[in-house]
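Visitor: See model.pdb below, with PDB, C-alpha atoms.
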```
ATOM      1  CA  MET A  21       0.000   0.000   0.000
ATOM      2  CA  ARG A  22       1.238   3.473  -0.919
ATOM      3  CA  ALA A  23       0.277   6.060   1.685
ATOM      4  CA  LEU A  24       0.334   9.842   1.729
ATOM      5  CA  VAL A  25       0.513  11.837   4.960
ATOM      6  CA  VAL A  26      -0.191  15.571   4.740
ATOM      7  CA  ARG A  27       1.044  18.193   7.224
ATOM      8  CA  LEU A  28       1.305  21.542   5.485
ATOM      9  CA  ASP A  29       2.383  24.068   8.080
ATOM     10  CA  SER A  30       5.339  24.671  10.403
ATOM     11  CA  PHE A  31       8.546  22.844  11.339
ATOM     12  CA  GLY A  32       7.212  22.006  14.805
ATOM     13  CA  ASP A  33       3.862  20.847  13.441
ATOM     14  CA  VAL A  34       5.598  18.339  11.172
ATOM     15  CA  LEU A  35       7.632  17.004  14.111
ATOM     16  CA  LEU A  36       4.403  16.541  16.070
ATOM     17  CA  ALA A  37       3.066  14.447  13.189
ATOM     18  CA  GLY A  38       5.971  12.028  13.573
ATOM     19  CA  PRO A  39       4.275   9.373  15.756
ATOM     20  CA  ALA A  40       1.318   9.250  13.360
ATOM     21  CA  VAL A  41       3.700   8.953  10.399
ATOM     22  CA  ARG A  42       5.343   5.936  12.053
ATOM     23  CA  ALA A  43       1.925   4.352  12.567
ATOM     24  CA  VAL A  44       1.175   4.753   8.861
ATOM     25  CA  ALA A  45       4.627   3.470   7.878
ATOM     26  CA  ALA A  46       4.167   0.300   9.948
ATOM     27  CA  ARG A  47       1.313  -0.756   7.654
ATOM     28  CA  SER A  48       2.434   0.697   4.327
ATOM     29  CA  ALA A  49       5.008  -0.259   1.712
ATOM     30  CA  HIS A  50       5.816   3.385   0.956
ATOM     31  CA  VAL A  51       5.034   6.662   2.751
ATOM     32  CA  THR A  52       5.208  10.096   1.153
ATOM     33  CA  LEU A  53       4.883  13.213   3.298
ATOM     34  CA  LEU A  54       3.318  16.265   1.689
ATOM     35  CA  CYS A  55       4.482  19.351   3.571
ATOM     36  CA  GLY A  56       5.089  23.073   3.170
ATOM     37  CA  PRO A  57       8.498  24.692   2.619
ATOM     38  CA  VAL A  58       8.889  25.589   6.309
ATOM     39  CA  GLY A  59       8.147  22.033   7.381
ATOM     40  CA  GLU A  60      10.423  20.359   4.833
ATOM     41  CA  PRO A  61      13.555  20.090   7.051
ATOM     42  CA  ALA A  62      11.501  18.361   9.748
ATOM     43  CA  ALA A  63       9.869  16.047   7.203
ATOM     44  CA  ARG A  64      13.262  14.839   6.032
ATOM     45  CA  MET A  65      14.234  13.954   9.617
ATOM     46  CA  LEU A  66      11.201  11.794  10.411
ATOM     47  CA  PRO A  67      11.577   8.010  10.629
ATOM     48  CA  GLY A  68       9.199   6.210   8.292
ATOM     49  CA  VAL A  69       9.194   8.824   5.529
ATOM     50  CA  ASP A  70      10.312   7.463   2.137
ATOM     51  CA  ASP A  71       9.661  10.549   0.030
ATOM     52  CA  VAL A  72       8.745  14.210   0.515
ATOM     53  CA  ILE A  73       6.623  16.461  -1.677
ATOM     54  CA  VAL A  74       6.963  20.164  -0.856
ATOM     55  CA  TRP A  75       4.072  22.463  -1.704
ATOM     56  CA  ALA A  76       3.177  25.937  -0.422
ATOM     57  CA  ALA A  77      -0.590  25.926   0.116
ATOM     58  CA  PRO A  78      -2.550  29.162  -0.342
ATOM     59  CA  TRP A  79      -4.311  28.564   2.983
ATOM     60  CA  GLU A  80      -1.286  27.911   5.223
ATOM     61  CA  GLY A  81       1.495  29.976   6.798
ATOM     62  CA  PHE A  82       2.102  33.633   7.590
ATOM     63  CA  THR A  83       2.601  34.626   3.926
ATOM     64  CA  PRO A  84       0.776  32.080   1.774
ATOM     65  CA  PRO A  85       1.061  32.237  -2.014
ATOM     66  CA  SER A  86      -1.807  33.242  -4.242
ATOM     67  CA  VAL A  87      -3.947  30.449  -5.655
ATOM     68  CA  ALA A  88      -2.369  31.021  -9.067
ATOM     69  CA  ASP A  89       1.168  30.866  -7.687
ATOM     70  CA  ALA A  90       0.356  27.697  -5.740
ATOM     71  CA  ASP A  91      -0.166  25.897  -9.080
ATOM     72  CA  VAL A  92      -2.732  23.400  -7.845
ATOM     73  CA  PRO A  93      -2.892  21.562 -11.223
ATOM     74  CA  ARG A  94       0.812  20.729 -10.944
ATOM     75  CA  LEU A  95       0.318  19.317  -7.443
ATOM     76  CA  VAL A  96      -2.617  17.238  -8.700
ATOM     77  CA  ARG A  97      -0.384  15.744 -11.391
ATOM     78  CA  LEU A  98       2.335  14.940  -8.838
ATOM     79  CA  LEU A  99      -0.204  13.204  -6.619
ATOM     80  CA  GLN A 100      -1.610  11.264  -9.538
ATOM     81  CA  ASP A 101       1.891  10.076 -10.376
ATOM     82  CA  GLY A 102       2.254   8.879  -6.792
ATOM     83  CA  ALA A 103      -0.666   6.442  -7.223
ATOM     84  CA  PHE A 104      -1.548   6.635  -3.542
ATOM     85  CA  ASP A 105      -4.014   4.175  -2.056
ATOM     86  CA  VAL A 106      -4.776   6.191   1.067
ATOM     87  CA  ALA A 107      -4.128   9.642   2.507
ATOM     88  CA  LEU A 108      -4.070  10.927   6.080
ATOM     89  CA  ILE A 109      -4.515  14.700   6.408
ATOM     90  CA  LEU A 110      -3.220  16.142   9.672
ATOM     91  CA  THR A 111      -4.201  19.618  10.822
ATOM     92  CA  SER A 112      -4.209  21.650  14.007
ATOM     93  CA  PHE A 113      -7.393  21.938  16.028
ATOM     94  CA  HIS A 114      -8.286  25.295  14.422
ATOM     95  CA  GLN A 115      -7.608  24.295  10.798
ATOM     96  CA  SER A 116      -9.836  22.656   8.213
ATOM     97  CA  PRO A 117      -8.574  19.678   6.191
ATOM     98  CA  LEU A 118     -11.208  20.155   3.503
ATOM     99  CA  PRO A 119      -9.241  22.305   1.006
ATOM    100  CA  THR A 120      -6.509  19.675   1.023
ATOM    101  CA  ALA A 121      -9.059  16.877   0.760
ATOM    102  CA  LEU A 122     -10.544  18.485  -2.351
ATOM    103  CA  VAL A 123      -7.110  18.561  -4.015
ATOM    104  CA  LEU A 124      -6.553  14.905  -3.120
ATOM    105  CA  LYS A 125      -9.952  13.935  -4.517
ATOM    106  CA  LEU A 126      -9.095  15.751  -7.748
ATOM    107  CA  ALA A 127      -5.926  13.651  -7.838
ATOM    108  CA  GLY A 128      -7.950  10.469  -7.504
ATOM    109  CA  VAL A 129      -6.797   9.359  -4.049
ATOM    110  CA  PRO A 130      -9.424   6.703  -3.251
ATOM    111  CA  ARG A 131      -9.449   6.840   0.565
ATOM    112  CA  ILE A 132      -8.891   9.965   2.651
ATOM    113  CA  GLY A 133      -9.141  10.475   6.398
ATOM    114  CA  ALA A 134      -8.904  13.589   8.570
ATOM    115  CA  ASP A 135     -10.117  15.292  11.719
ATOM    116  CA  SER A 136     -12.881  17.690  10.664
ATOM    117  CA  VAL A 137     -15.297  19.874  12.578
ATOM    118  CA  ASP A 138     -16.905  21.029   9.329
ATOM    119  CA  HIS A 139     -19.251  18.723   7.421
ATOM    120  CA  PRO A 140     -17.042  17.128   4.742
ATOM    121  CA  GLY A 141     -19.656  16.080   2.223
ATOM    122  CA  ARG A 142     -17.908  13.620  -0.121
ATOM    123  CA  LEU A 143     -14.408  14.922   0.543
ATOM    124  CA  LEU A 144     -13.546  12.561   3.401
ATOM    125  CA  ASP A 145     -14.003   8.805   3.542
ATOM    126  CA  VAL A 146     -13.128   8.725   7.250
ATOM    127  CA  ARG A 147     -14.135  11.732   9.324
ATOM    128  CA  HIS A 148     -12.614  11.757  12.793
ATOM    129  CA  ARG A 149     -13.650  14.089  15.629
ATOM    130  CA  ARG A 150     -10.871  14.727  18.138
ATOM    131  CA  LEU A 151     -11.391  14.339  21.842
ATOM    132  CA  PRO A 152     -11.244  17.510  23.961
ATOM    133  CA  GLY A 153      -7.901  18.406  25.504
ATOM    134  CA  ARG A 154      -5.780  16.058  23.419
ATOM    135  CA  HIS A 155      -2.225  17.133  22.687
ATOM    136  CA  GLU A 156      -1.568  17.733  18.981
ATOM    137  CA  ALA A 157       0.684  14.660  18.793
ATOM    138  CA  GLU A 158      -2.013  12.513  20.414
ATOM    139  CA  ALA A 159      -4.739  13.959  18.202
ATOM    140  CA  ALA A 160      -2.696  13.062  15.109
ATOM    141  CA  LEU A 161      -2.276   9.493  16.390
ATOM    142  CA  ASP A 162      -6.019   9.280  17.063
ATOM    143  CA  THR A 163      -6.777  10.404  13.510
ATOM    144  CA  ALA A 164      -4.356   7.841  12.089
ATOM    145  CA  ALA A 165      -6.007   5.131  14.183
ATOM    146  CA  ALA A 166      -9.449   6.120  12.871
ATOM    147  CA  LEU A 167      -8.104   5.472   9.378
ATOM    148  CA  GLY A 168      -6.813   2.059  10.460
ATOM    149  CA  PHE A 169      -3.199   2.913  11.273
ATOM    150  CA  LEU A 170      -2.424   1.876  14.837
ATOM    151  CA  PRO A 171       1.024   2.421  16.379
ATOM    152  CA  PRO A 172       3.300  -0.578  15.886
ATOM    153  CA  PRO A 173       4.042  -2.770  18.919
ATOM    154  CA  GLY A 174       6.717  -1.239  21.114
ATOM    155  CA  ASP A 175       6.293   2.279  19.746
ATOM    156  CA  ASP A 176       5.914   4.628  22.724
ATOM    157  CA  GLY A 177       4.244   7.352  20.649
ATOM    158  CA  ARG A 178       6.854   9.987  21.484
ATOM    159  CA  LEU A 179       8.421  12.380  19.031
ATOM    160  CA  ARG A 180      11.474  11.064  17.223
ATOM    161  CA  VAL A 181      13.919  12.077  14.488
ATOM    162  CA  LEU A 182      16.627  10.238  12.612
ATOM    163  CA  PRO A 183      19.946  10.174  14.516
ATOM    164  CA  PRO A 184      21.575  13.623  14.296
ATOM    165  CA  PRO A 185      25.287  14.234  13.785
ATOM    166  CA  ASP A 186      27.842  14.649  16.552
ATOM    167  CA  THR A 187      28.221  18.320  17.440
ATOM    168  CA  ILE A 188      30.969  18.374  20.042
ATOM    169  CA  SER A 189      33.099  20.495  17.695
ATOM    170  CA  LEU A 190      30.471  23.236  18.075
ATOM    171  CA  THR A 191      29.513  22.894  21.726
ATOM    172  CA  GLY A 192      32.835  21.854  23.242
ATOM    173  CA  ASN A 193      33.363  19.248  25.947
ATOM    174  CA  GLY A 194      31.335  18.959  29.112
ATOM    175  CA  PRO A 195      27.692  19.396  30.100
ATOM    176  CA  TYR A 196      25.730  22.429  28.987
ATOM    177  CA  VAL A 197      22.303  24.056  28.915
ATOM    178  CA  VAL A 198      20.842  25.427  25.680
ATOM    179  CA  LEU A 199      18.910  28.685  25.536
ATOM    180  CA  HIS A 200      17.081  29.341  22.262
ATOM    181  CA  PRO A 201      15.792  32.940  22.443
ATOM    182  CA  GLY A 202      13.994  33.235  19.102
ATOM    183  CA  ALA A 203      10.438  32.260  18.218
ATOM    184  CA  SER A 204       8.390  31.920  15.056
ATOM    185  CA  ALA A 205       6.026  34.664  16.257
ATOM    186  CA  PRO A 206       6.956  37.695  18.420
ATOM    187  CA  ALA A 207       4.071  36.945  20.797
ATOM    188  CA  ARG A 208       5.825  33.705  21.772
ATOM    189  CA  ALA A 209       9.275  35.172  22.483
ATOM    190  CA  TRP A 210      10.844  35.982  25.835
ATOM    191  CA  SER A 211      12.555  39.370  25.692
ATOM    192  CA  PRO A 212      16.288  39.575  24.855
ATOM    193  CA  ASP A 213      16.940  41.285  28.203
ATOM    194  CA  ARG A 214      15.346  38.418  30.108
ATOM    195  CA  CYS A 215      17.265  35.877  28.009
ATOM    196  CA  ALA A 216      20.562  37.655  28.706
ATOM    197  CA  GLU A 217      19.695  37.777  32.397
ATOM    198  CA  ALA A 218      19.091  34.016  32.392
ATOM    199  CA  VAL A 219      22.430  33.366  30.663
ATOM    200  CA  GLU A 220      24.296  35.339  33.325
ATOM    201  CA  LEU A 221      22.461  33.675  36.206
ATOM    202  CA  LEU A 222      22.939  30.188  34.758
ATOM    203  CA  ALA A 223      26.656  30.887  34.368
ATOM    204  CA  ASP A 224      26.824  32.191  37.950
ATOM    205  CA  ALA A 225      25.201  28.929  39.059
ATOM    206  CA  GLY A 226      27.991  26.957  37.372
ATOM    207  CA  HIS A 227      26.314  26.011  34.095
ATOM    208  CA  ARG A 228      27.917  26.257  30.689
ATOM    209  CA  VAL A 229      25.378  27.864  28.333
ATOM    210  CA  VAL A 230      24.992  27.445  24.567
ATOM    211  CA  VAL A 231      22.771  29.938  22.725
ATOM    212  CA  THR A 232      21.203  28.814  19.427
ATOM    213  CA  GLY A 233      19.354  30.615  16.658
ATOM    214  CA  GLY A 234      18.788  30.698  12.918
ATOM    215  CA  PRO A 235      20.716  32.709  10.297
ATOM    216  CA  GLU A 236      18.340  35.641  10.719
ATOM    217  CA  GLU A 237      18.792  35.650  14.506
ATOM    218  CA  THR A 238      22.551  36.245  14.798
ATOM    219  CA  ALA A 239      22.143  39.741  16.242
ATOM    220  CA  LEU A 240      19.762  38.339  18.853
ATOM    221  CA  THR A 241      22.015  35.436  19.834
ATOM    222  CA  ARG A 242      25.036  37.780  20.029
ATOM    223  CA  THR A 243      23.148  40.075  22.414
ATOM    224  CA  VAL A 244      21.870  37.227  24.558
ATOM    225  CA  SER A 245      25.229  35.424  24.690
ATOM    226  CA  GLY A 246      27.206  38.500  25.714
ATOM    227  CA  GLY A 247      30.685  37.389  26.623
ATOM    228  CA  THR A 248      29.397  34.471  28.653
ATOM    229  CA  ALA A 249      27.732  31.820  26.476
ATOM    230  CA  VAL A 250      28.772  29.869  23.388
ATOM    231  CA  ASP A 251      27.025  31.638  20.502
ATOM    232  CA  LEU A 252      25.856  29.233  17.773
ATOM    233  CA  GLY A 253      23.544  31.738  16.094
ATOM    234  CA  GLY A 254      23.389  30.995  12.364
ATOM    235  CA  ARG A 255      25.763  28.039  12.685
ATOM    236  CA  THR A 256      23.323  25.127  12.835
ATOM    237  CA  ASP A 257      21.031  23.683  10.196
ATOM    238  CA  PRO A 258      18.069  21.696  11.585
ATOM    239  CA  ARG A 259      19.938  18.366  11.731
ATOM    240  CA  THR A 260      22.923  19.962  13.432
ATOM    241  CA  LEU A 261      20.631  21.757  15.863
ATOM    242  CA  ALA A 262      19.102  18.372  16.724
ATOM    243  CA  GLY A 263      22.592  17.181  17.639
ATOM    244  CA  VAL A 264      23.217  20.224  19.834
ATOM    245  CA  LEU A 265      19.897  19.746  21.613
ATOM    246  CA  ARG A 266      20.337  15.984  22.018
ATOM    247  CA  THR A 267      23.444  16.313  24.190
ATOM    248  CA  ALA A 268      22.190  19.261  26.253
ATOM    249  CA  ASP A 269      21.140  18.720  29.858
ATOM    250  CA  VAL A 270      18.117  21.023  29.456
ATOM    251  CA  VAL A 271      16.765  23.232  26.669
ATOM    252  CA  ILE A 272      15.173  26.609  27.478
ATOM    253  CA  CYS A 273      12.892  27.689  24.676
ATOM    254  CA  GLY A 274       9.639  29.393  23.757
ATOM    255  CA  ASN A 275       6.724  27.663  22.062
ATOM    256  CA  THR A 276       8.464  27.226  18.728
ATOM    257  CA  GLY A 277       9.987  24.511  16.555
ATOM    258  CA  PRO A 278      13.214  23.874  18.535
ATOM    259  CA  ALA A 279      11.148  23.059  21.638
ATOM    260  CA  HIS A 280       9.578  20.156  19.733
ATOM    261  CA  LEU A 281      12.957  19.224  18.273
ATOM    262  CA  ALA A 282      14.333  19.026  21.826
ATOM    263  CA  ALA A 283      11.472  16.708  22.724
ATOM    264  CA  ALA A 284      12.192  14.603  19.623
ATOM    265  CA  VAL A 285      15.765  13.973  20.797
ATOM    266  CA  GLY A 286      14.654  13.290  24.383
ATOM    267  CA  THR A 287      15.957  16.407  26.140
ATOM    268  CA  PRO A 288      14.015  18.026  29.039
ATOM    269  CA  VAL A 289      12.581  21.469  28.272
ATOM    270  CA  VAL A 290      11.922  24.624  30.245
ATOM    271  CA  SER A 291       9.068  25.954  28.110
ATOM    272  CA  LEU A 292       8.553  29.729  28.095
ATOM    273  CA  PHE A 293       4.992  29.354  26.912
ATOM    274  CA  ALA A 294       2.856  32.321  25.900
ATOM    275  CA  PRO A 295      -0.779  31.173  26.142
ATOM    276  CA  VAL A 296      -1.828  32.468  22.704
ATOM    277  CA  VAL A 297      -2.356  28.756  22.005
ATOM    278  CA  PRO A 298      -3.129  26.191  24.740
ATOM    279  CA  ALA A 299      -0.161  24.566  26.446
ATOM    280  CA  GLU A 300      -2.143  21.346  26.887
ATOM    281  CA  ARG A 301      -2.078  20.986  23.100
ATOM    282  CA  TRP A 302       1.304  22.472  22.211
ATOM    283  CA  ALA A 303       3.757  22.035  25.090
ATOM    284  CA  PRO A 304       6.854  19.857  24.443
ATOM    285  CA  TYR A 305       5.562  16.299  24.297
ATOM    286  CA  GLY A 306       6.831  13.149  25.942
ATOM    287  CA  VAL A 307       9.800  14.599  27.855
ATOM    288  CA  PRO A 308      10.148  16.172  31.324
ATOM    289  CA  CYS A 309       8.951  19.742  30.929
ATOM    290  CA  ILE A 310       8.269  22.765  33.109
ATOM    291  CA  VAL A 311       5.937  25.363  31.592
ATOM    292  CA  LEU A 312       6.594  28.967  32.647
ATOM    293  CA  GLY A 313       4.338  31.885  31.777
ATOM    294  CA  ASP A 314       0.891  33.023  32.877
ATOM    295  CA  GLN A 315      -1.479  30.611  31.140
ATOM    296  CA  ASN A 316      -4.481  32.717  32.182
ATOM    297  CA  ALA A 317      -3.204  35.998  30.727
ATOM    298  CA  PRO A 318      -5.620  38.133  28.628
ATOM    299  CA  CYS A 319      -3.904  36.922  25.425
ATOM    300  CA  ALA A 320      -4.910  33.313  26.092
ATOM    301  CA  ASP A 321      -6.254  31.434  23.050
ATOM    302  CA  THR A 322      -6.034  34.493  20.770
ATOM    303  CA  ARG A 323      -3.490  32.852  18.380
ATOM    304  CA  ALA A 324      -1.958  36.332  18.147
ATOM    305  CA  LEU A 325       1.338  36.726  16.303
ATOM    306  CA  HIS A 326       2.100  39.970  18.151
ATOM    307  CA  CYS A 327       1.272  40.349  21.828
ATOM    308  CA  PRO A 328      -2.044  42.201  22.195
ATOM    309  CA  VAL A 329      -1.323  43.144  25.828
ATOM    310  CA  PRO A 330       1.064  46.050  26.583
ATOM    311  CA  GLY A 331       4.291  44.902  28.191
ATOM    312  CA  HIS A 332       3.907  41.243  27.169
ATOM    313  CA  PRO A 333       3.194  40.314  30.823
ATOM    314  CA  CYS A 334       2.527  36.598  30.276
ATOM    315  CA  LEU A 335       6.252  36.050  29.611
ATOM    316  CA  GLN A 336       7.932  39.240  30.785
ATOM    317  CA  GLU A 337       6.935  38.504  34.370
ATOM    318  CA  VAL A 338       9.015  35.306  34.181
ATOM    319  CA  THR A 339      12.485  36.137  35.549
ATOM    320  CA  GLY A 340      15.905  34.683  34.975
ATOM    321  CA  ARG A 341      15.796  33.272  38.495
ATOM    322  CA  ASP A 342      12.548  31.451  37.629
ATOM    323  CA  VAL A 343      14.320  29.809  34.691
ATOM    324  CA  VAL A 344      17.355  28.816  36.765
ATOM    325  CA  ALA A 345      15.069  27.257  39.379
ATOM    326  CA  ALA A 346      13.217  25.316  36.663
ATOM    327  CA  VAL A 347      16.505  24.078  35.171
ATOM    328  CA  HIS A 348      17.657  22.869  38.566
ATOM    329  CA  LYS A 349      14.364  21.084  39.193
ATOM    330  CA  LEU A 350      14.605  19.217  35.886
ATOM    331  CA  LEU A 351      18.227  18.284  36.575
ATOM    332  CA  GLU A 352      17.311  16.958  40.017
ATOM    333  CA  GLU A 353      14.453  14.886  38.563
ATOM    334  CA  SER A 354      16.725  13.343  35.936
ATOM    335  CA  ALA A 355      19.634  12.617  38.314
TER     336      ALA A 355
END
```
Could you render the structure as structure tokens?

Guide:
Amino acid sequence: MRALVVRLDSFGDVLLAGPAVRAVAARSAHVTLLCGPVGEPAARMLPGVDDVIVWAAPWEGFTPPSVADADVPRLVRLLQDGAFDVALILTSFHQSPLPTALVLKLAGVPRIGADSVDHPGRLLDVRHRRLPGRHEAEAALDTAAALGFLPPPGDDGRLRVLPPPDTISLTGNGPYVVLHPGASAPARAWSPDRCAEAVELLADAGHRVVVTGGPEETALTRTVSGGTAVDLGGRTDPRTLAGVLRTADVVICGNTGPAHLAAAVGTPVVSLFAPVVPAERWAPYGVPCIVLGDQNAPCADTRALHCPVPGHPCLQEVTGRDVVAAVHKLLEESA
């Protein structure tokens, strides 16, 4: 059986689809993952994925393409060439799978399953309704199970990626804590001043600190690192970042892709979690985790990209000392 799994949005979202992908792969001869450009690096790290199709959907992301630029007819031809027997569409709780389902029906995919609040008409062959309060990784597994793809025996359902490279040449010898100050949306980011404060306090407490960030975040990582931390801003691609996170004692991160990558390599996380989306659905999954941030702040459940509350109190009220205490608690629990 040739199976297609669809997860069209962010890097972290694709990582959260990983357990469901493994469930599909356990009962399929070939699995293709259809993802967006931002999710592609994560897709290529997931166990069970044989092939990846990258497509920017006009209904996903911060800056989606126009319908014309998305070239839906070309995608339909690619899917027809794939001769898929079944497709699993994975979406977040606030997204509809129906636009994707229509494209798959046009491509002739005979059996399609998804989680859908909206009435699907003839677009879905299996319509799942998620249970309240389920984490996104669990909801994806539930949807896969509704389509007949149960986790294989011995699979613990946690996030996982292919083994990353050794990164000791970047991090140096000895234990360390990672602080990742950036976030995919400003509303989810701890301030640079607070991050720098945490670096200094962690160093004072005897921890070696490594600061990570993407190519566009080098100014931020330089500021946060000061003269104290190892600055890896712009020096890690996603696979290399996985290696850095895998050998860290703890990762300190906002609600963004690297938090889920840390979970996928089994590293405990101090999660600086702005409640613009619910922590019960989006916190790092399957690893020891301490969530910091006021989960009842006025911005809760707004899905805001920019904080709608002056002063960003949900995260700004978290101090460097709070982070150090959380790091120490996780280290004590793992000792």

Visitor: For Pro78 in chain A, work out the shell of residues within 12 Å, counting only C-alpha atoms and skipping chain neighbours fewer than 2 positions away, then give it as a PyMOL selection string.

Guide: chain A and resi 28-29+56+75-76+80-92+119-120

Visitor: Apply the PyMOL selection byres ((chain A and resi 314) around 12) to the structure shown and report the selected residues as an MDAnalysis selection string.

Guide: chainID A and resid 291:296 298:299 311:313 315:320 332:338

Visitor: Output the residue selection produced by the PyMOL selection byres ((chain A and resi 340) around 9) on the file above, formatted as a ChimeraX atom specification.

Guide: /A:214-222,338-339,341-345

Visitor: May I have the residues from that selection written out with C-alpha atoms, as a JSON list (two decimals), in the frame of the given file?

Guide:
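Result file is selection.json:
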```
[["chain", "number", "residue", "atom", "x", "y", "z"],
["A", 214, "ARG", "CA", 15.35, 38.42, 30.11],
["A", 215, "CYS", "CA", 17.26, 35.88, 28.01],
["A", 216, "ALA", "CA", 20.56, 37.66, 28.71],
["A", 217, "GLU", "CA", 19.70, 37.78, 32.40],
["A", 218, "ALA", "CA", 19.09, 34.02, 32.39],
["A", 219, "VAL", "CA", 22.43, 33.37, 30.66],
["A", 220, "GLU", "CA", 24.30, 35.34, 33.33],
["A", 221, "LEU", "CA", 22.46, 33.67, 36.21],
["A", 222, "LEU", "CA", 22.94, 30.19, 34.76],
["A", 338, "VAL", "CA", 9.02, 35.31, 34.18],
["A", 339, "THR", "CA", 12.48, 36.14, 35.55],
["A", 341, "ARG", "CA", 15.80, 33.27, 38.49],
["A", 342, "ASP", "CA", 12.55, 31.45, 37.63],
["A", 343, "VAL", "CA", 14.32, 29.81, 34.69],
["A", 344, "VAL", "CA", 17.36, 28.82, 36.76],
["A", 345, "ALA", "CA", 15.07, 27.26, 39.38]]
```

Visitor: Once the PyMOL selection byres ((chain A and resi 114) around 10) is applied to the coordinates I shared, what remains selected? I want it as a PyMOL selection string.

Guide: chain A and resi 111-113+115-117+136-137+323

Visitor: Would you mind listing, for every residue of range 145-219 of chain A within 12 Å of range 238-260 of chain A, the two atoms forming the shortest contact and the distance between them in Å to one decimal, using all atoms listed in the file, sorted by chain and ascending residue number, as a tab-separated table?

Guide:
```
residue	atom	partner	partner_atom	distance
A:Val181	CA	A:Arg259	CA	9.1
A:Leu182	CA	A:Arg259	CA	8.8
A:Pro183	CA	A:Arg259	CA	8.7
A:Pro184	CA	A:Arg259	CA	5.6
A:Pro185	CA	A:Thr260	CA	6.2
A:Asp186	CA	A:Thr260	CA	7.9
A:Thr187	CA	A:Thr260	CA	6.8
A:Ile188	CA	A:Thr260	CA	10.5
A:Ser189	CA	A:Thr260	CA	11.0
A:Leu190	CA	A:Leu252	CA	7.6
A:Thr191	CA	A:Val250	CA	7.2
A:Gly192	CA	A:Val250	CA	9.0
A:Asn193	CA	A:Val250	CA	11.9
A:Tyr196	CA	A:Val250	CA	9.8
A:Val197	CA	A:Ala249	CA	9.8
A:Val198	CA	A:Val250	CA	9.4
A:Leu199	CA	A:Val244	CA	9.1
A:His200	CA	A:Thr241	CA	8.2
A:Pro201	CA	A:Thr241	CA	7.2
A:Gly202	CA	A:Leu240	CA	7.7
A:Ala203	CA	A:Leu240	CA	11.1
A:Ala209	CA	A:Leu240	CA	11.5
A:Trp210	CA	A:Val244	CA	11.2
A:Ser211	CA	A:Val244	CA	9.6
A:Pro212	CA	A:Val244	CA	6.1
A:Asp213	CA	A:Val244	CA	7.4
A:Arg214	CA	A:Val244	CA	8.6
A:Cys215	CA	A:Val244	CA	5.9
A:Ala216	CA	A:Val244	CA	4.4
A:Glu217	CA	A:Val244	CA	8.2
A:Ala218	CA	A:Val244	CA	8.9
A:Val219	CA	A:Ser245	CA	6.9
```

Visitor: Enter the distance from CA of Ser204 in chain A to CA of Thr276 in chain A, in Å, rounded to one decimal.

Guide: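 Distance reported for this atom pair: 6.0 Å.
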
Visitor: Distance CA of Gly59 in chain A-CA of Val34 in chain A, one decimal place?

Guide: 5.9 Å

Visitor: One decimal, in Å: what's the spacing between CA of Arg178 in chain A and CA of His155 in chain A?

Guide: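 For CA of Arg178 in chain A relative to CA of His155 in chain A, the distance reads 11.6 Å.
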
Visitor: With distances taken over all atoms listed in the file, which of A:Arg208, A:Arg22, A:Arg228, A:Arg180 is nearest to Gly306 in chain A?

Guide: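 Checking each of A:Arg208, A:Arg22, A:Arg228, A:Arg180 against Gly306 in chain A, counting all atoms listed in the file, the winner is A:Arg180.
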
Visitor: With all atoms listed in the file as the atoms that count, which of A:Arg94, A:Arg64, A:Lys125, A:Arg47 lies nearest to Leu35 in chain A?

Guide: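 For Leu35 in chain A, the nearest of the candidates is A:Arg64.
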
Visitor: Compile the contact shell of Val347 in chain A as a ChimeraX atom specification: residues with an atom at most 9 Å away, counting all atoms listed in the file, same-chain residues fewer than 6 positions apart removed.

Guide: /A:197,222,269-272,288-290,310

Visitor: Take range 233-241 of chain A, model N, CA and C atoms, and hand the result over as a PDB file, keeping the file's coordinate frame.

Guide:
```pdb
ATOM      1  N   GLY A 233      20.271  29.788  17.438  1.00  0.00           N
ATOM      2  CA  GLY A 233      19.354  30.615  16.658  1.00  0.00           C
ATOM      3  C   GLY A 233      19.627  30.451  15.181  1.00  0.00           C
ATOM      4  N   GLY A 234      18.667  30.832  14.354  1.00  0.00           N
ATOM      5  CA  GLY A 234      18.788  30.698  12.918  1.00  0.00           C
ATOM      6  C   GLY A 234      19.640  31.795  12.303  1.00  0.00           C
ATOM      7  N   PRO A 235      19.869  31.719  10.979  1.00  0.00           N
ATOM      8  CA  PRO A 235      20.716  32.709  10.297  1.00  0.00           C
ATOM      9  C   PRO A 235      20.218  34.141  10.443  1.00  0.00           C
ATOM     10  N   GLU A 236      18.902  34.300  10.588  1.00  0.00           N
ATOM     11  CA  GLU A 236      18.340  35.641  10.719  1.00  0.00           C
ATOM     12  C   GLU A 236      18.324  36.120  12.168  1.00  0.00           C
ATOM     13  N   GLU A 237      18.833  35.322  13.079  1.00  0.00           N
ATOM     14  CA  GLU A 237      18.792  35.650  14.506  1.00  0.00           C
ATOM     15  C   GLU A 237      20.180  35.872  15.107  1.00  0.00           C
ATOM     16  N   THR A 238      21.187  36.114  14.279  1.00  0.00           N
ATOM     17  CA  THR A 238      22.551  36.245  14.798  1.00  0.00           C
ATOM     18  C   THR A 238      22.720  37.465  15.698  1.00  0.00           C
ATOM     19  N   ALA A 239      22.055  38.573  15.367  1.00  0.00           N
ATOM     20  CA  ALA A 239      22.143  39.741  16.242  1.00  0.00           C
ATOM     21  C   ALA A 239      21.530  39.438  17.606  1.00  0.00           C
ATOM     22  N   LEU A 240      20.423  38.713  17.601  1.00  0.00           N
ATOM     23  CA  LEU A 240      19.762  38.339  18.853  1.00  0.00           C
ATOM     24  C   LEU A 240      20.646  37.416  19.677  1.00  0.00           C
ATOM     25  N   THR A 241      21.197  36.377  19.063  1.00  0.00           N
ATOM     26  CA  THR A 241      22.015  35.436  19.834  1.00  0.00           C
ATOM     27  C   THR A 241      23.292  36.100  20.347  1.00  0.00           C
TER      28      THR A 241
END
```
